[in-house]
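Listing of my_file-v4.pdb; format and content: PDB, C-alpha atoms.
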```pdb
ATOM      1  CA  MET A 275       7.792-199.107 -28.025
ATOM      2  CA  ALA A 276       9.426-200.217 -24.759
ATOM      3  CA  PHE A 277      13.104-199.883 -23.890
ATOM      4  CA  SER A 278      15.041-202.521 -22.160
ATOM      5  CA  VAL A 279      17.234-201.705 -19.281
ATOM      6  CA  ARG A 280      20.239-202.284 -21.423
ATOM      7  CA  GLU A 281      18.990-199.965 -24.103
ATOM      8  CA  PHE A 282      18.148-197.308 -21.554
ATOM      9  CA  ARG A 283      21.590-197.454 -20.103
ATOM     10  CA  GLU A 284      23.097-197.303 -23.542
ATOM     11  CA  LEU A 285      21.027-194.237 -24.198
ATOM     12  CA  ILE A 286      22.289-192.610 -21.049
ATOM     13  CA  ARG A 287      25.837-193.446 -22.051
ATOM     14  CA  LEU A 288      25.378-191.934 -25.456
ATOM     15  CA  LEU A 289      23.758-188.813 -24.047
ATOM     16  CA  GLY A 290      26.690-188.410 -21.683
ATOM     17  CA  LYS A 291      29.077-188.429 -24.623
ATOM     18  CA  GLU A 292      27.000-186.127 -26.820
ATOM     19  CA  PRO A 293      25.793-183.035 -24.910
ATOM     20  CA  GLU A 294      24.012-181.720 -27.956
ATOM     21  CA  ARG A 295      21.893-184.856 -28.077
ATOM     22  CA  ARG A 296      21.228-184.612 -24.401
ATOM     23  CA  ALA A 297      20.101-181.008 -24.771
ATOM     24  CA  GLU A 298      17.917-181.957 -27.693
ATOM     25  CA  LEU A 299      16.382-184.784 -25.633
ATOM     26  CA  LEU A 300      15.774-182.496 -22.679
ATOM     27  CA  GLY A 301      14.141-179.983 -25.004
ATOM     28  CA  VAL A 302      11.821-182.698 -26.186
ATOM     29  CA  LEU A 303      11.089-183.970 -22.701
ATOM     30  CA  LEU A 304      10.876-180.668 -20.765
ATOM     31  CA  GLY A 305      10.165-177.996 -23.347
ATOM     32  CA  GLU A 306      12.040-174.796 -23.955
ATOM     33  CA  ASP A 307      10.529-173.008 -20.919
ATOM     34  CA  MET A 308      11.839-175.603 -18.541
ATOM     35  CA  LEU A 309      15.243-175.499 -20.169
ATOM     36  CA  ALA A 310      15.398-171.693 -19.745
ATOM     37  CA  LEU A 311      14.395-171.913 -16.080
ATOM     38  CA  PRO A 312      17.916-172.501 -14.660
ATOM     39  CA  GLN A 313      19.259-169.501 -16.565
ATOM     40  CA  ALA A 314      16.347-167.457 -15.306
ATOM     41  CA  LEU A 315      17.031-168.593 -11.759
ATOM     42  CA  ARG A 316      20.683-167.668 -12.106
ATOM     43  CA  GLU A 317      19.764-164.255 -13.474
ATOM     44  CA  LEU A 318      17.236-163.829 -10.678
ATOM     45  CA  ALA A 319      19.867-164.696  -8.102
ATOM     46  CA  GLN A 320      22.259-162.215  -9.660
ATOM     47  CA  ALA A 321      19.519-159.587  -9.691
ATOM     48  CA  GLN A 322      18.779-160.363  -6.046
ATOM     49  CA  THR A 323      22.448-159.958  -5.232
ATOM     50  CA  ARG A 324      22.557-156.602  -6.995
ATOM     51  CA  THR A 325      19.340-155.568  -5.243
ATOM     52  CA  GLU A 326      20.809-156.454  -1.864
ATOM     53  CA  GLN A 327      23.962-154.519  -2.703
ATOM     54  CA  ARG A 328      21.938-151.504  -3.772
ATOM     55  CA  LEU A 329      19.793-151.885  -0.662
ATOM     56  CA  GLU A 330      22.885-151.925   1.507
ATOM     57  CA  ALA A 331      24.206-148.842  -0.284
ATOM     58  CA  LEU A 332      20.809-147.179   0.070
ATOM     59  CA  THR A 333      20.728-148.138   3.741
ATOM     60  CA  ALA A 334      24.146-146.559   4.216
ATOM     61  CA  ARG A 335      22.992-143.412   2.423
ATOM     62  CA  VAL A 336      19.809-143.356   4.514
ATOM     63  CA  ASP A 337      21.901-143.727   7.677
ATOM     64  CA  ALA A 338      24.179-140.916   6.514
ATOM     65  CA  LEU A 339      21.139-138.836   5.610
ATOM     66  CA  ALA A 340      19.625-139.534   9.006
ATOM     67  CA  ALA A 341      22.862-138.432  10.668
ATOM     68  CA  ARG A 342      22.916-135.327   8.503
ATOM     69  CA  VAL A 343      19.276-134.640   9.357
ATOM     70  CA  GLY A 344      20.210-134.972  13.029
ATOM     71  CA  GLU A 345      23.035-132.527  12.582
ATOM     72  CA  LEU A 346      20.717-130.178  10.707
ATOM     73  CA  ALA A 347      18.173-130.495  13.482
ATOM     74  CA  GLN A 348      20.830-129.572  16.036
ATOM     75  CA  ALA A 349      21.975-126.702  13.835
ATOM     76  CA  GLN A 350      18.363-125.613  13.469
ATOM     77  CA  THR A 351      18.025-125.673  17.240
ATOM     78  CA  ARG A 352      21.150-123.574  17.634
ATOM     79  CA  THR A 353      19.923-121.233  14.885
ATOM     80  CA  GLU A 354      16.594-120.839  16.638
ATOM     81  CA  GLN A 355      18.391-120.113  19.902
ATOM     82  CA  ARG A 356      20.607-117.544  18.229
ATOM     83  CA  LEU A 357      17.564-116.098  16.468
ATOM     84  CA  GLU A 358      15.792-115.771  19.798
ATOM     85  CA  ALA A 359      18.858-114.070  21.291
ATOM     86  CA  LEU A 360      19.133-111.813  18.234
ATOM     87  CA  THR A 361      15.436-111.020  18.458
ATOM     88  CA  ALA A 362      15.915-110.039  22.092
ATOM     89  CA  ARG A 363      18.866-107.818  21.151
ATOM     90  CA  VAL A 364      16.875-106.264  18.296
ATOM     91  CA  ASP A 365      14.017-105.588  20.688
ATOM     92  CA  ALA A 366      16.463-103.983  23.125
ATOM     93  CA  LEU A 367      18.015-101.949  20.317
ATOM     94  CA  ALA A 368      14.570-100.915  19.133
ATOM     95  CA  ALA A 369      13.767 -99.755  22.655
ATOM     96  CA  ARG A 370      17.046 -97.822  22.807
ATOM     97  CA  MET A 371      16.351 -96.405  19.352
ATOM     98  CA  ASP A 372      12.961 -95.210  20.537
ATOM     99  CA  GLU A 373      14.646 -93.668  23.570
ATOM    100  CA  LEU A 374      17.330 -92.047  21.411
ATOM    101  CA  THR A 375      14.696 -90.811  18.986
ATOM    102  CA  ALA A 376      12.853 -89.197  21.849
ATOM    103  CA  ARG A 377      16.091 -87.625  23.100
ATOM    104  CA  VAL A 378      16.967 -86.432  19.588
ATOM    105  CA  ASP A 379      13.511 -84.926  19.238
ATOM    106  CA  ALA A 380      14.003 -83.172  22.566
ATOM    107  CA  LEU A 381      17.449 -81.980  21.491
ATOM    108  CA  ALA A 382      16.040 -80.812  18.168
ATOM    109  CA  ALA A 383      13.413 -78.828  20.020
ATOM    110  CA  ARG A 384      16.096 -77.323  22.259
ATOM    111  CA  MET A 385      18.240 -76.629  19.204
ATOM    112  CA  ASP A 386      15.348 -74.827  17.546
ATOM    113  CA  GLU A 387      14.864 -72.821  20.719
ATOM    114  CA  LEU A 388      18.576 -72.062  20.972
ATOM    115  CA  THR A 389      18.700 -71.174  17.274
ATOM    116  CA  ALA A 390      15.877 -68.727  17.783
ATOM    117  CA  ARG A 391      17.667 -67.271  20.799
ATOM    118  CA  VAL A 392      20.958 -67.085  18.886
ATOM    119  CA  ASP A 393      19.216 -65.363  15.996
ATOM    120  CA  ALA A 394      17.733 -62.894  18.437
ATOM    121  CA  LEU A 395      21.132 -62.417  20.059
ATOM    122  CA  ALA A 396      22.719 -61.981  16.630
ATOM    123  CA  LEU A 397      20.231 -59.251  15.806
ATOM    124  CA  ALA A 398      20.865 -57.693  19.183
ATOM    125  CA  GLN A 399      24.607 -58.000  18.581
ATOM    126  CA  VAL A 400      24.276 -56.262  15.230
ATOM    127  CA  GLU A 401      22.278 -53.495  16.841
ATOM    128  CA  MET A 402      24.779 -53.302  19.686
ATOM    129  CA  ALA A 403      27.626 -53.193  17.166
ATOM    130  CA  ARG A 404      25.932 -50.254  15.467
ATOM    131  CA  GLU A 405      25.484 -48.520  18.787
ATOM    132  CA  MET A 406      29.079 -49.315  19.794
ATOM    133  CA  ALA A 407      30.353 -47.987  16.473
ATOM    134  CA  ALA A 408      28.368 -44.809  16.994
ATOM    135  CA  LEU A 409      29.640 -44.612  20.571
ATOM    136  CA  ALA A 410      33.209 -45.209  19.364
ATOM    137  CA  ARG A 411      32.832 -42.377  16.865
ATOM    138  CA  GLN A 412      31.536 -40.137  19.624
ATOM    139  CA  MET A 413      34.372 -41.217  21.908
ATOM    140  CA  ARG A 414      36.934 -40.506  19.200
ATOM    141  CA  TRP A 415      35.373 -37.130  18.618
ATOM    142  CA  LEU A 416      35.341 -36.419  22.351
ATOM    143  CA  THR A 417      38.905 -37.721  22.719
ATOM    144  CA  ASP A 418      40.078 -35.541  19.876
ATOM    145  CA  ARG A 419      38.122 -32.621  21.260
ATOM    146  CA  VAL A 420      39.404 -33.117  24.800
ATOM    147  CA  GLY A 421      42.922 -33.700  23.471
ATOM    148  CA  GLY A 422      42.695 -30.522  21.462
ATOM    149  CA  LEU A 423      41.360 -28.574  24.430
ATOM    150  CA  LEU A 424      43.989 -30.077  26.703
ATOM    151  CA  GLY A 425      46.701 -29.274  24.170
ATOM    152  CA  GLU A 426      45.456 -25.708  23.826
ATOM    153  CA  SER A 427      45.251 -25.359  27.590
ATOM    154  CA  THR A 428      48.742 -26.782  28.079
ATOM    155  CA  GLU A 429      50.162 -24.641  25.287
ATOM    156  CA  ARG A 430      48.521 -21.492  26.693
ATOM    157  CA  ARG A 431      49.788 -22.261  30.192
ATOM    158  CA  TYR A 432      53.383 -22.706  29.010
ATOM    159  CA  ARG A 433      53.167 -19.554  26.870
ATOM    160  CA  GLU A 434      51.663 -17.409  29.599
ATOM    161  CA  ARG A 435      54.050 -18.736  32.257
ATOM    162  CA  ALA A 436      57.088 -19.091  30.041
ATOM    163  CA  PRO A 437      59.371 -17.073  32.375
ATOM    164  CA  ALA A 438      58.634 -19.604  35.133
ATOM    165  CA  TYR A 439      58.785 -22.815  33.099
ATOM    166  CA  PHE A 440      61.906 -21.884  31.107
ATOM    167  CA  ASP A 441      63.749 -19.935  33.785
ATOM    168  CA  ASP A 442      66.505 -22.578  33.895
ATOM    169  CA  LEU A 443      67.254 -21.954  30.207
ATOM    170  CA  LEU A 444      67.130 -18.136  29.783
ATOM    171  CA  LYS A 445      66.874 -15.114  32.016
ATOM    172  CA  GLY A 446      64.976 -11.995  31.176
ATOM    173  CA  LEU A 447      62.760 -14.191  29.043
ATOM    174  CA  HIS A 448      60.347 -12.447  26.694
ATOM    175  CA  VAL A 449      57.592 -14.063  24.580
ATOM    176  CA  PRO A 450      56.708 -11.922  21.530
ATOM    177  CA  ASP A 451      53.004 -11.390  21.001
ATOM    178  CA  ALA A 452      50.949 -12.137  17.868
ATOM    179  CA  GLU A 453      52.108  -8.889  16.207
ATOM    180  CA  GLU A 454      55.743  -8.798  17.260
ATOM    181  CA  LEU A 455      56.776 -12.292  16.105
ATOM    182  CA  PRO A 456      55.470 -11.899  12.518
ATOM    183  CA  ARG A 457      57.308  -8.543  12.278
ATOM    184  CA  ILE A 458      60.573 -10.148  13.458
ATOM    185  CA  LEU A 459      60.175 -12.967  10.942
ATOM    186  CA  ASP A 460      59.276 -10.547   8.128
ATOM    187  CA  GLU A 461      62.569  -8.753   8.717
ATOM    188  CA  ALA A 462      64.348 -12.124   8.459
ATOM    189  CA  VAL A 463      62.570 -12.839   5.172
ATOM    190  CA  ASP A 464      63.458  -9.385   3.837
ATOM    191  CA  ALA A 465      67.078  -9.952   4.846
ATOM    192  CA  GLY A 466      67.061 -13.252   2.987
ATOM    193  CA  ARG A 467      67.820 -15.324   6.057
ATOM    194  CA  ILE A 468      64.685 -17.509   5.727
ATOM    195  CA  SER A 469      62.028 -18.180   3.109
ATOM    196  CA  ARG A 470      58.345 -17.393   3.436
ATOM    197  CA  ALA A 471      57.649 -21.118   3.892
ATOM    198  CA  GLU A 472      60.137 -21.200   6.763
ATOM    199  CA  ARG A 473      58.500 -18.047   8.200
ATOM    200  CA  ARG A 474      55.146 -19.855   8.123
ATOM    201  CA  GLU A 475      56.716 -22.886   9.812
ATOM    202  CA  LEU A 476      57.983 -20.718  12.676
ATOM    203  CA  LEU A 477      54.604 -19.039  13.121
ATOM    204  CA  TYR A 478      53.192 -22.515  13.814
ATOM    205  CA  ALA A 479      55.600 -22.973  16.745
ATOM    206  CA  ASP A 480      53.782 -23.318  20.078
ATOM    207  CA  VAL A 481      56.124 -20.964  21.948
ATOM    208  CA  VAL A 482      58.922 -18.707  20.693
ATOM    209  CA  ALA A 483      60.858 -16.868  23.384
ATOM    210  CA  PHE A 484      63.910 -14.598  23.606
ATOM    211  CA  GLY A 485      66.260 -13.887  26.489
ATOM    212  CA  ARG A 486      69.855 -14.106  27.688
ATOM    213  CA  ARG A 487      71.861 -17.130  28.595
ATOM    214  CA  ARG A 488      72.543 -17.524  32.268
ATOM    215  CA  ASP A 489      76.171 -18.536  31.796
ATOM    216  CA  ASP A 490      77.428 -15.637  29.676
ATOM    217  CA  GLY A 491      74.443 -13.295  29.307
ATOM    218  CA  SER A 492      74.483 -13.549  25.475
ATOM    219  CA  ASP A 493      71.256 -13.191  23.525
ATOM    220  CA  ALA A 494      69.514 -16.483  22.699
ATOM    221  CA  ALA A 495      66.107 -17.857  21.716
ATOM    222  CA  LEU A 496      63.863 -20.862  22.436
ATOM    223  CA  ALA A 497      61.693 -22.846  20.003
ATOM    224  CA  VAL A 498      59.235 -24.822  22.134
ATOM    225  CA  GLU A 499      56.770 -27.533  21.165
ATOM    226  CA  VAL A 500      54.108 -28.131  23.796
ATOM    227  CA  SER A 501      51.957 -31.252  24.182
ATOM    228  CA  ALA A 502      50.228 -32.920  27.108
ATOM    229  CA  THR A 503      52.179 -36.068  26.207
ATOM    230  CA  VAL A 504      55.267 -35.346  24.153
ATOM    231  CA  ASP A 505      55.875 -37.722  21.228
ATOM    232  CA  GLU A 506      58.603 -38.113  18.606
ATOM    233  CA  ASP A 507      56.958 -35.678  16.161
ATOM    234  CA  ASP A 508      57.089 -32.955  18.829
ATOM    235  CA  VAL A 509      60.819 -33.594  19.275
ATOM    236  CA  ARG A 510      61.518 -33.417  15.537
ATOM    237  CA  ARG A 511      59.457 -30.217  15.098
ATOM    238  CA  ALA A 512      61.220 -28.528  18.023
ATOM    239  CA  ALA A 513      64.662 -29.361  16.604
ATOM    240  CA  HIS A 514      63.707 -28.192  13.105
ATOM    241  CA  ARG A 515      62.059 -24.963  14.241
ATOM    242  CA  ALA A 516      65.020 -24.152  16.513
ATOM    243  CA  GLU A 517      67.274 -24.297  13.442
ATOM    244  CA  LEU A 518      64.910 -21.985  11.529
ATOM    245  CA  LEU A 519      64.678 -19.597  14.486
ATOM    246  CA  SER A 520      68.472 -19.443  14.727
ATOM    247  CA  LYS A 521      68.674 -18.645  10.992
ATOM    248  CA  SER A 522      66.007 -15.960  11.185
ATOM    249  CA  THR A 523      67.426 -14.129  14.246
ATOM    250  CA  ALA A 524      71.139 -14.864  13.842
ATOM    251  CA  LYS A 525      71.051 -15.921  17.494
ATOM    252  CA  PRO A 526      71.615 -19.365  18.992
ATOM    253  CA  ALA A 527      68.239 -21.075  19.467
ATOM    254  CA  THR A 528      67.569 -23.998  21.796
ATOM    255  CA  ALA A 529      65.017 -26.696  20.921
ATOM    256  CA  VAL A 530      62.624 -27.519  23.773
ATOM    257  CA  VAL A 531      59.693 -29.898  24.226
ATOM    258  CA  ALA A 532      57.320 -29.267  27.122
ATOM    259  CA  GLY A 533      54.377 -31.109  28.622
ATOM    260  CA  GLU A 534      53.088 -33.235  31.460
ATOM    261  CA  ALA A 535      54.849 -36.440  30.310
ATOM    262  CA  ILE A 536      56.904 -37.845  27.440
ATOM    263  CA  LYS A 537      56.860 -41.145  25.604
ATOM    264  CA  PRO A 538      60.009 -43.282  26.108
ATOM    265  CA  THR A 539      60.835 -43.253  22.404
ATOM    266  CA  ALA A 540      60.470 -39.476  22.290
ATOM    267  CA  ASP A 541      62.578 -39.166  25.437
ATOM    268  CA  GLU A 542      65.369 -41.180  23.827
ATOM    269  CA  LEU A 543      65.115 -39.218  20.568
ATOM    270  CA  ALA A 544      65.306 -35.879  22.436
ATOM    271  CA  GLN A 545      68.576 -36.921  24.054
ATOM    272  CA  LYS A 546      70.012 -37.904  20.656
ATOM    273  CA  MET A 547      68.887 -34.702  18.898
ATOM    274  CA  GLY A 548      69.987 -32.307  21.685
ATOM    275  CA  VAL A 549      66.450 -31.243  22.595
ATOM    276  CA  TRP A 550      65.736 -30.017  26.126
ATOM    277  CA  ARG A 551      62.719 -31.409  28.021
ATOM    278  CA  VAL A 552      60.540 -29.414  30.408
ATOM    279  CA  LEU A 553      58.132 -31.892  32.003
ATOM    280  CA  ASP A 554      55.608 -30.822  34.605
ATOM    281  CA  GLY A 555      57.826 -27.861  35.531
ATOM    282  CA  ARG A 556      61.067 -29.864  35.737
ATOM    283  CA  THR A 557      63.892 -29.216  33.280
ATOM    284  CA  PHE A 558      66.062 -31.985  31.776
ATOM    285  CA  SER A 559      69.009 -31.282  29.508
ATOM    286  CA  PRO A 560      69.923 -33.659  26.646
ATOM    287  CA  GLU A 561      72.933 -34.784  28.702
ATOM    288  CA  SER A 562      70.937 -35.552  31.855
ATOM    289  CA  GLY A 563      69.765 -38.929  30.591
ATOM    290  CA  ALA A 564      66.260 -40.348  30.564
ATOM    291  CA  ALA A 565      63.444 -38.532  32.292
ATOM    292  CA  PRO A 566      62.170 -40.064  35.566
ATOM    293  CA  ARG A 567      59.496 -42.731  35.248
ATOM    294  CA  GLU A 568      56.748 -40.430  36.472
ATOM    295  CA  GLN A 569      57.456 -38.164  33.472
ATOM    296  CA  ALA A 570      58.239 -40.944  30.923
ATOM    297  CA  LEU A 571      55.171 -43.005  30.046
ATOM    298  CA  GLU A 572      55.582 -46.805  30.132
TER
END
```
The structure in this file should be written as structure tokens.
Amino acid sequence: MAFSVREFRELIRLLGKEPERRAELLGVLLGEDMLALPQALRELAQAQTRTEQRLEALTARVDALAARVGELAQAQTRTEQRLEALTARVDALAARMDELTARVDALAARMDELTARVDALALAQVEMAREMAALARQMRWLTDRVGGLLGESTERRYRERAPAYFDDLLKGLHVPDAEELPRILDEAVDAGRISRAERRELLYADVVAFGRRRDDGSDAALAVEVSATVDEDDVRRAAHRAELLSKSTAKPATAVVAGEAIKPTADELAQKMGVWRVLDGRTFSPESGAAPREQALE
């Protein structure tokens, strides 16, 4: 069936007014696949746009990654340089460590040698200490022995030469012998003037002498303690025994210390206690002050 031009135009007019009819006609003429093609093209264009956007984003990320890789490469280069420098330092330190190890080994060997020598010296020191202790004991024994002999010699000299040493104190001086003095003291004990203990104390006196005073000629006595070097104990014994001698004889007794020298403290004490000092043949009264330096030990 053929359409006239007028009918065709009328059809176009009607299709323009009724889109649904037009779509139906197109579906008949083109088929559903052709009708869906524009939508597919639009979707494809949209997909292409999204792809380009993602590609641009990916490109930016790749550029950033490339920059980061460049930075990492530079950092890697710097790290390698630092590693090389560190390796060189480690090698140098290792060499120094080897050197120090060798020195420590040498020092250890020397220390072992010194330790052995010190041990030997310690043993020798112990042995020397034993020998020194034995020598010190011998020296003390010899000192005591010599001191005793010197004391006995000094005491004997002052007793035997009492008239010469004590001439400034008494005239007509007489030293009773080993039989006379005990008899004199026994009479004092019998008379009740002294006790037996006091008698014994007087018998221990180094020198007991009798005579007459030079000023008035009255009877008097001396109680003398003799020592090579007079100390404070000698001064105290002389003063005490002079008191006992005065009690036993009813005569004034003078305390005297005699010797080669006197200690300063003993010299001062003698002046305070009224004890005379006869030092190396020179006589010093309690009122005469300190003994000269050659008689008073520093």
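CA of Ala524 (chain A) lies 9.1 Å from CA of Ala462 (chain A).
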If we count only C-alpha atoms and set the cut-off at 8 Å, which residues sit around Glu429 (chain A), ignoring sequence neighbours fewer than 6 positions away in its own chain? Please answer as a JSON list (two decimals) with C-alpha atoms, in the frame of the given file.
```
[["chain", "number", "residue", "atom", "x", "y", "z"],
["A", 480, "ASP", "CA", 53.78, -23.32, 20.08],
["A", 481, "VAL", "CA", 56.12, -20.96, 21.95],
["A", 500, "VAL", "CA", 54.11, -28.13, 23.80],
["A", 501, "SER", "CA", 51.96, -31.25, 24.18]]
```
Please write out, as AutoDock Vina command-line options, where the centre of an axis-aligned box around all listed atoms of region 528-531 of chain A lies and how long its edges are, in Å to one decimal, after adding 4 Å on each side.
```
--center_x 63.6 --center_y -26.9 --center_z 22.6 --size_x 15.9 --size_y 13.9 --size_z 11.3
```
To test your reading of the syntax: which residues would the PyMOL selection byres ((chain A and resi 459) around 10) return for the file shown? Reply as a list in words. Glu454, Leu455, Pro456, Arg457, Ile458, Asp460, Glu461, Ala462, Val463, Asp464, Ala465, Arg467, Ile468, Ser469, Arg470, Glu472, Arg473, Arg474, Leu476, Leu477, Leu519, Ser522 and Thr523 of chain A
Hey, could you make a per-residue contact list for region 438-515 of chain A against region 548-561 of chain A with 7 Å as the cut-off, showing the nearest pair of atoms and its distance in Å to one decimal, counting all atoms listed in the file, sorted by chain and number, as a tab-separated table?
```
residue	atom	partner	partner_atom	distance
A:Tyr439	CA	A:Gly555	CA	5.7
A:Val509	CA	A:Val549	CA	6.9
A:Ala513	CA	A:Val549	CA	6.5
```
Run the PyMOL selection byres ((chain A and resi 446-448) around 10) on the file and write out the hits as an mmCIF file with C-alpha atoms, in the frame of the given file.
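Below is the file that was written, out.cif:
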```
data_model
loop_
_atom_site.group_PDB
_atom_site.id
_atom_site.type_symbol
_atom_site.label_atom_id
_atom_site.label_comp_id
_atom_site.auth_asym_id
_atom_site.auth_seq_id
_atom_site.Cartn_x
_atom_site.Cartn_y
_atom_site.Cartn_z
ATOM 1 C CA ALA A 436 57.088 -19.091 30.041
ATOM 2 C CA PRO A 437 59.371 -17.073 32.375
ATOM 3 C CA ALA A 438 58.634 -19.604 35.133
ATOM 4 C CA PHE A 440 61.906 -21.884 31.107
ATOM 5 C CA ASP A 441 63.749 -19.935 33.785
ATOM 6 C CA LEU A 443 67.254 -21.954 30.207
ATOM 7 C CA LEU A 444 67.130 -18.136 29.783
ATOM 8 C CA LYS A 445 66.874 -15.114 32.016
ATOM 9 C CA VAL A 449 57.592 -14.063 24.580
ATOM 10 C CA PRO A 450 56.708 -11.922 21.530
ATOM 11 C CA ASP A 451 53.004 -11.390 21.001
ATOM 12 C CA VAL A 482 58.922 -18.707 20.693
ATOM 13 C CA ALA A 483 60.858 -16.868 23.384
ATOM 14 C CA PHE A 484 63.910 -14.598 23.606
ATOM 15 C CA GLY A 485 66.260 -13.887 26.489
ATOM 16 C CA ARG A 486 69.855 -14.106 27.688
ATOM 17 C CA ARG A 487 71.861 -17.130 28.595
ATOM 18 C CA ARG A 488 72.543 -17.524 32.268
ATOM 19 C CA GLY A 491 74.443 -13.295 29.307
ATOM 20 C CA ASP A 493 71.256 -13.191 23.525
ATOM 21 C CA ALA A 494 69.514 -16.483 22.699
ATOM 22 C CA ALA A 495 66.107 -17.857 21.716
ATOM 23 C CA LEU A 496 63.863 -20.862 22.436
#
```
Grab the CA of Pro538 (chain A) to CA of Gly563 (chain A) distance for me, in Å with one decimal place. 11.6 Å
Residues in the PyMOL selection byres ((chain A and resi 506) around 7), expressed as number ranges by chain: A: 505, 507-510, 539-540, 543
Just-selected residues, C-alpha atoms written as a PDB file, keeping the file's coordinate frame:
```pdb
ATOM      1  CA  ASP A 505      55.875 -37.722  21.228  1.00  0.00           C
ATOM      2  CA  ASP A 507      56.958 -35.678  16.161  1.00  0.00           C
ATOM      3  CA  ASP A 508      57.089 -32.955  18.829  1.00  0.00           C
ATOM      4  CA  VAL A 509      60.819 -33.594  19.275  1.00  0.00           C
ATOM      5  CA  ARG A 510      61.518 -33.417  15.537  1.00  0.00           C
ATOM      6  CA  THR A 539      60.835 -43.253  22.404  1.00  0.00           C
ATOM      7  CA  ALA A 540      60.470 -39.476  22.290  1.00  0.00           C
ATOM      8  CA  LEU A 543      65.115 -39.218  20.568  1.00  0.00           C
TER       9      LEU A 543
END
```
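Atom pair CA of Ala564 (chain A) / CA of Ala544 (chain A) has a distance of 9.3 Å (rounded to one decimal).
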Choose the residue, out of A:Asp365, A:Ala340, A:Lys521, A:Arg404, that has the smallest atom-to-atom separation from Gly466 (chain A); count only C-alpha atoms. A:Lys521
